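**Student:** Contents of structure_0.csv (CSV, C-alpha atoms) are below:
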```
chain,number,residue,atom,x,y,z
P,1,MET,CA,-23.2,11.9,-18.7
P,2,ALA,CA,-22.6,8.6,-20.5
P,3,ILE,CA,-19.4,10.0,-21.9
P,4,ARG,CA,-18.1,10.8,-18.5
P,5,GLU,CA,-18.8,7.4,-17.2
P,6,LYS,CA,-17.2,5.8,-20.2
P,7,SER,CA,-14.1,8.0,-19.6
P,8,LYS,CA,-13.9,6.8,-16.0
P,9,GLU,CA,-14.3,3.2,-17.2
P,10,LYS,CA,-11.4,3.7,-19.6
P,11,ARG,CA,-9.2,5.3,-17.0
P,12,ASN,CA,-10.0,2.5,-14.5
P,13,ALA,CA,-9.3,-0.1,-17.2
P,14,LEU,CA,-5.9,1.5,-17.8
P,15,LEU,CA,-5.1,1.5,-14.1
P,16,LYS,CA,-6.2,-2.1,-13.7
P,17,SER,CA,-4.1,-3.2,-16.7
P,18,THR,CA,-1.1,-1.4,-15.3
P,19,LEU,CA,-1.5,-3.1,-11.9
P,20,SER,CA,-1.7,-6.5,-13.6
P,21,LEU,CA,1.2,-6.0,-16.0
P,22,VAL,CA,3.5,-4.4,-13.4
P,23,ASN,CA,2.8,-7.2,-10.9
P,24,ASN,CA,3.4,-9.9,-13.5
P,25,ASN,CA,6.2,-8.4,-15.5
P,26,GLY,CA,7.7,-5.6,-13.5
P,27,PHE,CA,7.7,-1.9,-14.2
P,28,HIS,CA,10.1,-2.0,-17.2
P,29,ASP,CA,8.3,-4.8,-19.0
P,30,ALA,CA,4.9,-3.1,-18.9
P,31,PRO,CA,5.1,-0.8,-21.9
P,32,MET,CA,2.2,1.6,-22.7
P,33,SER,CA,1.3,-0.4,-25.8
P,34,LYS,CA,0.7,-3.6,-23.7
P,35,ILE,CA,-1.2,-1.5,-21.1
P,36,ALA,CA,-3.4,-0.1,-23.8
P,37,LYS,CA,-4.0,-3.5,-25.4
P,38,MET,CA,-4.9,-5.1,-22.1
P,39,ALA,CA,-7.3,-2.2,-21.3
P,40,ASN,CA,-8.8,-2.6,-24.8
P,41,VAL,CA,-8.1,1.0,-25.8
P,42,SER,CA,-5.8,2.6,-28.4
P,43,PRO,CA,-2.3,3.6,-27.2
P,44,ALA,CA,-3.2,7.3,-27.9
P,45,THR,CA,-6.1,7.0,-25.4
P,46,ILE,CA,-3.7,6.6,-22.5
P,47,TYR,CA,-2.4,10.2,-23.1
P,48,ILE,CA,-5.8,11.6,-22.6
P,49,TYR,CA,-5.7,10.5,-19.0
P,50,PHE,CA,-2.0,10.4,-18.2
P,51,GLU,CA,1.0,12.5,-19.3
P,52,ASN,CA,3.3,9.4,-19.6
P,53,LYS,CA,4.0,6.0,-18.1
P,54,ARG,CA,5.5,7.5,-14.9
P,55,ASP,CA,2.4,9.7,-14.4
P,56,LEU,CA,0.2,6.6,-14.9
P,57,ILE,CA,2.2,4.6,-12.3
P,58,ASN,CA,2.3,7.5,-9.8
P,59,GLN,CA,-1.5,8.1,-10.1
P,60,LEU,CA,-2.1,4.3,-9.6
P,61,TYR,CA,0.3,4.4,-6.6
P,62,LEU,CA,-1.5,7.3,-5.0
P,63,GLU,CA,-5.0,5.8,-5.5
P,64,LEU,CA,-3.8,2.5,-4.0
P,65,LYS,CA,-2.1,4.3,-1.1
P,66,ILE,CA,-5.3,6.1,-0.3
P,67,SER,CA,-7.3,2.8,-0.4
P,68,TYR,CA,-4.6,1.1,1.8
P,69,THR,CA,-4.6,3.8,4.4
P,70,GLU,CA,-8.4,4.1,4.5
P,71,GLN,CA,-8.4,0.4,5.4
P,72,ALA,CA,-5.5,0.8,7.8
P,73,PHE,CA,-7.4,3.5,9.8
P,74,LYS,CA,-10.9,2.0,9.7
P,75,ALA,CA,-12.5,2.3,13.1
P,76,TYR,CA,-9.4,4.1,14.5
P,77,SER,CA,-9.8,6.9,17.0
P,78,GLU,CA,-7.0,9.2,18.3
P,79,ASN,CA,-8.5,8.6,21.8
P,80,MET,CA,-7.7,4.9,21.9
P,81,PRO,CA,-4.8,3.7,24.1
P,82,VAL,CA,-1.6,3.4,22.1
P,83,LYS,CA,-1.3,-0.4,22.1
P,84,LYS,CA,-5.0,-0.9,21.3
P,85,ALA,CA,-4.8,1.6,18.5
P,86,PHE,CA,-1.6,0.1,17.1
P,87,GLU,CA,-3.2,-3.4,17.3
P,88,LEU,CA,-6.3,-2.2,15.3
P,89,ILE,CA,-4.2,-0.5,12.7
P,90,TRP,CA,-1.8,-3.5,12.4
P,91,TYR,CA,-4.6,-6.0,11.9
P,92,ASN,CA,-6.3,-3.7,9.4
P,93,ILE,CA,-3.1,-3.5,7.4
P,94,ALA,CA,-2.7,-7.3,7.7
P,95,ASP,CA,-6.2,-7.7,6.4
P,96,TYR,CA,-5.5,-5.4,3.5
P,97,LYS,CA,-2.2,-7.1,2.5
P,98,LEU,CA,-3.7,-10.6,2.7
P,99,LYS,CA,-7.0,-9.8,1.0
P,100,GLN,CA,-6.0,-7.1,-1.5
P,101,VAL,CA,-2.9,-9.1,-2.6
P,102,GLU,CA,-2.5,-7.5,-6.0
P,103,GLU,CA,-2.8,-4.0,-4.7
P,104,ALA,CA,-0.5,-4.7,-1.8
P,105,TRP,CA,2.1,-6.4,-4.0
P,106,PHE,CA,2.1,-3.3,-6.3
P,107,LEU,CA,2.6,-0.9,-3.3
P,108,SER,CA,5.4,-3.1,-2.1
P,109,GLN,CA,7.1,-2.9,-5.5
P,110,CYS,CA,6.7,0.9,-5.4
P,111,ASP,CA,8.9,1.0,-2.3
P,112,ASN,CA,11.8,-0.2,-4.5
P,113,THR,CA,11.5,1.7,-7.7
P,114,THR,CA,12.5,5.0,-9.1
P,115,MET,CA,9.3,5.1,-11.1
P,116,ILE,CA,7.5,6.8,-8.1
P,117,ASP,CA,8.5,10.4,-8.0
P,118,GLU,CA,9.4,12.1,-4.7
P,119,ALA,CA,6.2,14.3,-4.8
P,120,SER,CA,4.0,11.2,-5.0
P,121,ARG,CA,6.0,9.4,-2.2
P,122,GLN,CA,5.5,12.5,0.1
P,123,GLU,CA,1.8,12.6,-0.8
P,124,GLY,CA,1.5,8.9,0.0
P,125,LEU,CA,3.3,9.4,3.3
P,126,LYS,CA,0.8,12.1,4.3
P,127,HIS,CA,-1.9,9.4,4.3
P,128,LEU,CA,0.1,7.5,7.0
P,129,GLN,CA,0.1,10.5,9.3
P,130,PRO,CA,-2.3,9.0,11.9
P,131,LEU,CA,0.1,6.1,12.5
P,132,LEU,CA,3.1,8.5,12.7
P,133,ASP,CA,1.1,10.6,15.2
P,134,LEU,CA,0.2,7.5,17.2
P,135,TRP,CA,3.9,6.5,17.4
P,136,GLU,CA,4.8,10.0,18.5
P,137,ARG,CA,2.2,9.9,21.2
P,138,GLY,CA,3.5,6.5,22.2
P,139,LYS,CA,7.0,7.9,22.5
P,140,LYS,CA,5.8,10.7,24.7
P,141,GLU,CA,3.9,8.3,26.9
P,142,GLY,CA,7.0,6.1,27.3
P,143,ILE,CA,5.4,3.2,25.5
P,144,ILE,CA,7.1,3.2,22.0
P,145,LYS,CA,10.8,3.2,21.5
P,146,ASN,CA,12.2,6.7,20.7
P,147,ILE,CA,13.6,5.7,17.3
P,148,SER,CA,13.0,6.9,13.7
P,149,PRO,CA,9.5,6.2,12.4
P,150,TYR,CA,11.2,4.6,9.4
P,151,ILE,CA,12.7,2.0,11.7
P,152,LEU,CA,9.4,1.5,13.5
P,153,TYR,CA,7.7,1.0,10.2
P,154,ALA,CA,10.4,-1.4,9.0
P,155,TYR,CA,10.0,-3.6,12.0
P,156,ALA,CA,6.3,-3.3,12.8
P,157,ILE,CA,4.7,-3.1,9.4
P,158,ASN,CA,7.1,-4.2,6.7
P,159,SER,CA,7.3,-7.7,8.2
P,160,LEU,CA,3.8,-8.1,6.9
P,161,VAL,CA,5.1,-7.7,3.3
P,162,PHE,CA,7.5,-10.7,3.9
P,163,LEU,CA,4.6,-12.7,5.3
P,164,MET,CA,2.3,-11.7,2.4
P,165,ASN,CA,5.0,-12.7,-0.1
P,166,THR,CA,5.6,-16.1,1.5
P,167,GLN,CA,1.8,-16.7,1.5
P,168,LYS,CA,1.5,-15.6,-2.1
P,169,ARG,CA,4.2,-18.1,-3.1
P,170,ASN,CA,2.4,-20.8,-1.1
P,171,LEU,CA,5.4,-21.3,1.3
P,172,TYR,CA,3.5,-20.4,4.4
P,173,GLN,CA,-0.1,-19.9,5.2
P,174,LEU,CA,-1.1,-17.4,7.8
P,175,ASP,CA,-3.9,-18.5,10.2
P,176,LYS,CA,-5.3,-16.7,13.2
P,177,LYS,CA,-2.6,-18.1,15.5
P,178,SER,CA,0.4,-17.2,13.3
P,179,LEU,CA,-1.2,-13.7,12.6
P,180,ASP,CA,-1.5,-13.2,16.4
P,181,GLN,CA,2.2,-14.3,16.8
P,182,ALA,CA,3.2,-11.9,14.1
P,183,PHE,CA,1.4,-9.0,15.7
P,184,GLN,CA,3.0,-9.8,19.1
P,185,ALA,CA,6.4,-9.8,17.4
P,186,ALA,CA,5.7,-6.5,15.7
P,187,TRP,CA,4.5,-5.0,19.0
P,188,ASP,CA,7.5,-6.3,20.9
P,189,SER,CA,9.8,-4.8,18.3
P,190,ILE,CA,8.6,-1.3,18.9
P,191,ARG,CA,7.5,-1.1,22.5
P,192,ILE,CA,9.8,-0.2,25.4
```
Could you render the structure from this file as structure tokens?

**Tutor:**
Amino acid sequence: MAIREKSKEKRNALLKSTLSLVNNNGFHDAPMSKIAKMANVSPATIYIYFENKRDLINQLYLELKISYTEQAFKAYSENMPVKKAFELIWYNIADYKLKQVEEAWFLSQCDNTTMIDEASRQEGLKHLQPLLDLWERGKKEGIIKNISPYILYAYAINSLVFLMNTQKRNLYQLDKKSLDQAFQAAWDSIRI
């Protein structure tokens, strides 16, 4: 039993080190040797848990995507009215992006890299299905614009990435009022 726990600890240390190195240095300047050193394991140990660097990054991506979507859909019910449901999801996502900054920053970088393979991207997208279903329902009810879910996501959710980045760089601080304004702008961008 202690061996299994230790194995989980090493794997988690490798994931945490990868998160930190990628966020601070980028994907290409986070070699396996640095990841191992930061995790306090031998470089060979990485290959017990991961096939290669891409596998390591893809597994980290999927774990964070699951954590992100669990937060996004906390207290969500399919029976909620469309606007109320979207508002709940949007504020949950905002909360995640503003409090889980390192994780959100990593996921944001994953949107712009070839390190994430297509199978992992598709798996990650499955976790967003409740939001896609909500938008589909909103379209049928004549509440949400009948446009691609990618466009809806770009306008309604990705704006939070920009706000998260400006806050992270201390250029702008989000308070309750500005967060409410950001939600209203997101809602206005996708509603009919």

**Student:** Compile the contact shell of Ile35 in chain P as a list in words: residues with an atom at most 7 Å away, counting all atoms listed in the file, same-chain residues fewer than 5 positions apart removed.

**Tutor:**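 Within the cut-off, the hits are Leu14, Ser17, Thr18 and Ala30 of chain P.
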
**Student:** Which residue, P:Leu19, P:Met115, P:Ile57, P:Leu107, has the smallest gap to Ala39 in chain P when you use only C-alpha atoms?

**Tutor:**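 Closest to Ala39 in chain P of all the choices is P:Leu19.
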
**Student:** Can you tell me which residues surround range 7-13 of chain P at a distance of at most 9 Å, considering only C-alpha atoms, apart from same-chain residues fewer than 5 positions away, and format the answer as a list in words?

**Tutor:**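 These residues fall inside the cut-off: Ala2, Thr18, Ala36, Met38, Ala39, Asn40, Val41, Thr45, Ile46, Tyr49 and Phe50 of chain P.
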
**Student:** Under the rule that all atoms listed in the file are counted, which of P:Ser120, P:Phe86, P:Leu98, P:Ser77 is the nearest residue to Arg191 in chain P?

**Tutor:**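 Answer, going by the shortest atom-to-atom distance: P:Phe86.
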
**Student:** CA of Gln59 in chain P and CA of Ile116 in chain P are how many Å apart?

**Tutor:** 9.3 Å

**Student:** What's the separation between CA of Lys53 in chain P and CA of Thr114 in chain P, in Å to one decimal place?

**Tutor:**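 Rounded to one decimal, the two atoms are 12.4 Å apart.
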
**Student:** Using CA of Leu125 in chain P and CA of Val82 in chain P as the two end points, give the distance in Å to one decimal.

**Tutor:**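 For CA of Leu125 in chain P relative to CA of Val82 in chain P, the distance reads 20.3 Å.
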
**Student:** Quick one: everything within 12 Å of Lys99 in chain P, counting all atoms listed in the file, minus sequence neighbours fewer than 5 positions away in the same chain. Send it as a ChimeraX atom specification.

**Tutor:** /P:68,71,91-94,104-105,164,167-168,174

**Student:** I need the residue nearest Glu78 in chain P from this list: P:Asp175, P:Asp133, P:Asp180, P:Asp188. Use all atoms listed in the file for the distance.

**Tutor:**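 Of the candidates, the smallest distance to Glu78 in chain P is held by P:Asp133.
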
**Student:** Pick from P:Asn52, P:Asn112, P:Ala72, P:Trp187: nearest to Tyr155 in chain P, with only C-alpha atoms counted?

**Tutor:** P:Trp187
